[in-house]
Structure formats: C-alpha cells, structure tokens
Amino acid sequence: MSEQFFDWEYAIGFMPTLLEGLWVTIQVTVVAFILAAILGLLMALGRRSDNPWIAQPIGAIVEFIRSTPLLVQLFIFFYVLPRYGLRMPAFIVGTIALGLHYGTYTSEIYRAGIDAIDRGQWEAARALNFSPVRTWVGIVLPQAIPPMIPALGNYLVAMFKESAQLSAITVVELTLTARTIGTQSFRFLEPFTMAGVLYFLISYPSSLVVQRLEKRYAGK
Amino acid sequence: MQANSSDPIVRFENVTKAFGELTVLRNLDFDVAPAEKVTIVGPSGSGKTTILRVLMTLEKPDDGVIWVDGEPLWHQKSGSKLVPASEKHLRKVRGNIGMVFQHFNLFPHMTALRNVTEAPIHVLKMPKGDAEQRAVELLNHVGLGDKLGHYPSQLSGGQKQRVAIARALAMRPKVMLFDEVTSALDPELVGEVLNVIRELAEEGEMAMLLVTHEMGFAREVSDRVVFFDKGRVVEQGPPEQIFGNPQNERTKSFFNAVLRH
C-alpha cells in the first residue's frame, strides 16, 4: 500500500472496530461511576459512624485503596482472586476495581459536602423527630449533593480516561482495541491517534460541562 | 407516675450538665405546669439555652432525670430502675416537645409549605392532603398564607421565623421551646414574631418555655419568670414580682443593667 504518513483509508477501515472499543469504555465508565458514587457515599457514612468498630476499619480500607495504584488493584482482582475461587469476567472485575478505587475519592467529596451542612439543620431534624434515615434522605443529602455535582463530574471525566488501564487485564475497551488493530497490521500510528481523538472528543466537552456546573454552583 | 392535670408537664430533677470545665446546669430542679408560660432570663452564658437544649434532646444531661408528661425523657423504666433510654423511647417522648431556634433552621431546599408538611407526613404519617391543609391553616395563622410556595431564601428573617413557628406547631407539641427567637432579627422584624408568639400564649393550652432578652415581652406573656445565673435558678415568680420587686441582689443588679438602656 501507499507509504503516506497517515493512512486515512486504513483508519476509516478500522473505525467500526474502534467505536466498539469506545462503546465498551463508555459502559465501563458509566457503571464504575455509579458504583463509585454509591460506594463513596457508603464509605463516607461508614467513616462518620459513632461506632469505632465500623468507622475505623472502613477508614483504613479507604486510605489503603487510595494510597495504592489502580493498576496493582486490577492485577490483584484479576490474577490473585481467581486462585481463591473468585473468578469473574475481565469486564466485571475491571469495572468493580475502577468503581472501588474512585469510590475512595468520591467518599472525600461526600464527606466534605456533608460536613458543610449547618448543625442547625441536624438540630431542626431532631426537634421535628425525624428518624435518622429520614434525616439523611430528606434533609441532609438533598442539600449536600447538589454542590458536589461538579466535583463528581470531574471524577467521571477522570474515570473515563483512567479506564484505559483496564486494557492491562484484557478488557477490550478503546485502548486495547487500538493496540490489537495496530498489532494485526503493524501500524500503530493510526489506531492510537484515532483512539486519542475519540477520548478527547468525549472528555473535553464533558469537562466544559463540568466547568459550567462549577460556575453555576459557585454563583449560588 | 401517672400524668394528670395537676402534674407538671416538664420536671427537671437534680439535672447537671457540664461542658468540660464549665458547669452550665447545677443540680437543677425545675417544673413547668401544663399550659404554663415560663420565661427564663439571665446573663448570657448562664446556661438558659442549655435548659431548652437538654429538653429537646440536643444535649445529653450528665446527671439527673427529666420528666415529660410523666415519662422520663433520657431514661426508661426497667422494672423499678431507670436505665438509659433507647432511641425508640427517646423519639416517643421527644414527640411532646417542639422548638423554635434563634437561627430559624428552616430547610432551605423546601418551600414554606413543605417545611411545615414534611414532619407531619414522615413522622406523624399524616396523609399528604391533611398535612397540607393543616399547614395552610398554620401559615395563614402566622400571616404567611401568601408565601406558601416561597423558599426560605426568598423570605425575610421575620417571615422565616414565623414559618419555623408554624413548622413546630404542625407537630402539635405539648411543650414549645423558644430559644432567643428574635435575637437574630433586624429590630423592625422583631415585633411581627413576638405578635405571633403572644397570640399563641393567649390561645393557651400549650406550655411554653422561652429564653429571651425581650424583657417587656417576657413581662407581658409569662405566667412565671425565672432568673437564671451560673447554672442555677436564682429567683422565680410572677413577672410583676421579678421585674417589679426582685429580692435577690444578683437579680436586682441584672435588671438594673438590662433595663437601664
């Protein structure tokens, strides 16, 4: 074939395959983000518990996960756990590990957001005799969560990019798809460039949206 | 102890509360009769607010027993002994008490109407329609019938405090606590809030316990005024006596300082 610097014909030919990889990346990101949002809340609530037997172990786990690389966690989940009988598809393992890792970050956002709620709100809730669950669900979280949305959005964008690490455990997402295409034809420039463009086309507009949200909540 | 009309609705028995080195309630004995209007006055930092806060279960007393309508508040009976109250018991007894705060503490993410309906719906399990009907009545009563859909941020301080009063009333407490409810208000807004409280006092059946710096108002609405200092009741009696002819030297010098300006 031609010896041009960038082979457009080749690039257009593999785009459908690459888009399939992008679709996997998006699925991983969305599911892992939902997981991170839920786990983060649970971790934040756990660390606030009056019971030290709950608060301290959760605190230790959170600090441990946050202080070790995602890649190491992926390898442990993927290579070590199956030796002890816990065998799951790479997609599931990768999504859980990514969600868990980022859950430790979102838990800090929740913690700050919850701490920002005025003590008077808790006292009013108590004076009106709300149950603890109702106090959280009806009074505290509806006030705490909206200002957290920009910070959570930043992590969503970060997770979208970091999901590339799942290629190391054979999840056929965008990065691994690009690599496979390159390996098959011995041309890596086009697949990795196009993969980069696809990452950019999603993450850049997303971060603009997050910036607008930040301004909106900062204005209030 | 079975409640009947002559029993106090609130009784403090030897209640002590300290914050670190600072003892704010010292072996306090103190009763409030049903429907009685009691004002607690005294220097700031004297522990007045703490009386309301331990009664609202916002602070836990270190010692002593508080009775509400014949039931121990922070304790429950186990045979003939009193043991620390379970959360369930605490919630049951707490339901007799309502509170209006200095800083309103309205829920900013809810309209005035929802601020008033939220607890009746979720705590008293009242049907939504009934709760709303009652909330509209209460908000009308405090002069805010035209602000139902407003959020707290759209209301003045005096309006917020009136919503807070309606919100507390919606729970039909037997005892209502007012904790310096006009202290955070601009002077021109104090009157509208005091008027609402004055009306409540005249309506009668609910016991009211007020901490205030509005001496004229205290004199007008109270059945009894309690002068409180350094964690103790120094002197108490009908307003005419406490304001007009105080016996204790500390009471005298306090009123001299307060009423002079």
# chains A, B, ... in the order shown; residues from 1 in each chain; ligands from 1
>>> residues_around(residues="range 31-43 of chain A", least_positions_apart="3", cutoff="7 Å", atoms="only C-alpha atoms", output="list in words")
Gln27, Val28, Gly46, Arg47, Ile58, Thr95, Ile96, Leu98, Gly99, Leu100, Tyr102, Gly103, Thr104, Thr106, Ser107, Tyr110 and Leu156 of chain A
>>> interface_residues(of="chain A", to="chain B", cutoff="6 Å", atoms="only C-alpha atoms", output="PyMOL selection string")
chain A and resi 120-121+130
>>> write_last_selection(atoms="all heavy atoms", output="PDB file, in the first residue's frame")
ATOM      1  N   GLY A 120     -27.443  23.413  62.606  1.00  0.00           N
ATOM      2  CA  GLY A 120     -28.854  23.751  62.843  1.00  0.00           C
ATOM      3  C   GLY A 120     -29.818  22.869  62.061  1.00  0.00           C
ATOM      4  O   GLY A 120     -30.948  22.631  62.504  1.00  0.00           O
ATOM      5  N   GLN A 121     -29.384  22.382  60.909  1.00  0.00           N
ATOM      6  CA  GLN A 121     -30.247  21.504  60.118  1.00  0.00           C
ATOM      7  C   GLN A 121     -30.452  20.172  60.835  1.00  0.00           C
ATOM      8  O   GLN A 121     -31.552  19.630  60.858  1.00  0.00           O
ATOM      9  CB  GLN A 121     -29.636  21.268  58.732  1.00  0.00           C
ATOM     10  CG  GLN A 121     -29.577  22.521  57.877  1.00  0.00           C
ATOM     11  CD  GLN A 121     -30.971  22.957  57.457  1.00  0.00           C
ATOM     12  OE1 GLN A 121     -31.727  22.191  56.875  1.00  0.00           O
ATOM     13  NE2 GLN A 121     -31.329  24.194  57.754  1.00  0.00           N
ATOM     14  N   PHE A 130     -37.579  13.554  63.208  1.00  0.00           N
ATOM     15  CA  PHE A 130     -37.335  12.705  62.045  1.00  0.00           C
ATOM     16  C   PHE A 130     -36.478  11.504  62.455  1.00  0.00           C
ATOM     17  O   PHE A 130     -35.604  11.618  63.308  1.00  0.00           O
ATOM     18  CB  PHE A 130     -36.579  13.485  60.959  1.00  0.00           C
ATOM     19  CG  PHE A 130     -37.432  14.458  60.203  1.00  0.00           C
ATOM     20  CD1 PHE A 130     -37.312  15.820  60.401  1.00  0.00           C
ATOM     21  CD2 PHE A 130     -38.370  14.001  59.289  1.00  0.00           C
ATOM     22  CE1 PHE A 130     -38.105  16.720  59.703  1.00  0.00           C
ATOM     23  CE2 PHE A 130     -39.166  14.891  58.581  1.00  0.00           C
ATOM     24  CZ  PHE A 130     -39.033  16.257  58.790  1.00  0.00           C
TER      25      PHE A 130
END
>>> select_by_dssp(residues="range 148-236 of chain B", states="helix (DSSP H, G or I)", output="ChimeraX atom specification")
/B:152-154,157-169,187-203,215-221
>>> residues_around(residues="Glu235 in chain B", least_positions_apart="5", cutoff="7 Å", atoms="only C-alpha atoms", output="MDAnalysis selection string")
chainID B and resid 226:227 248
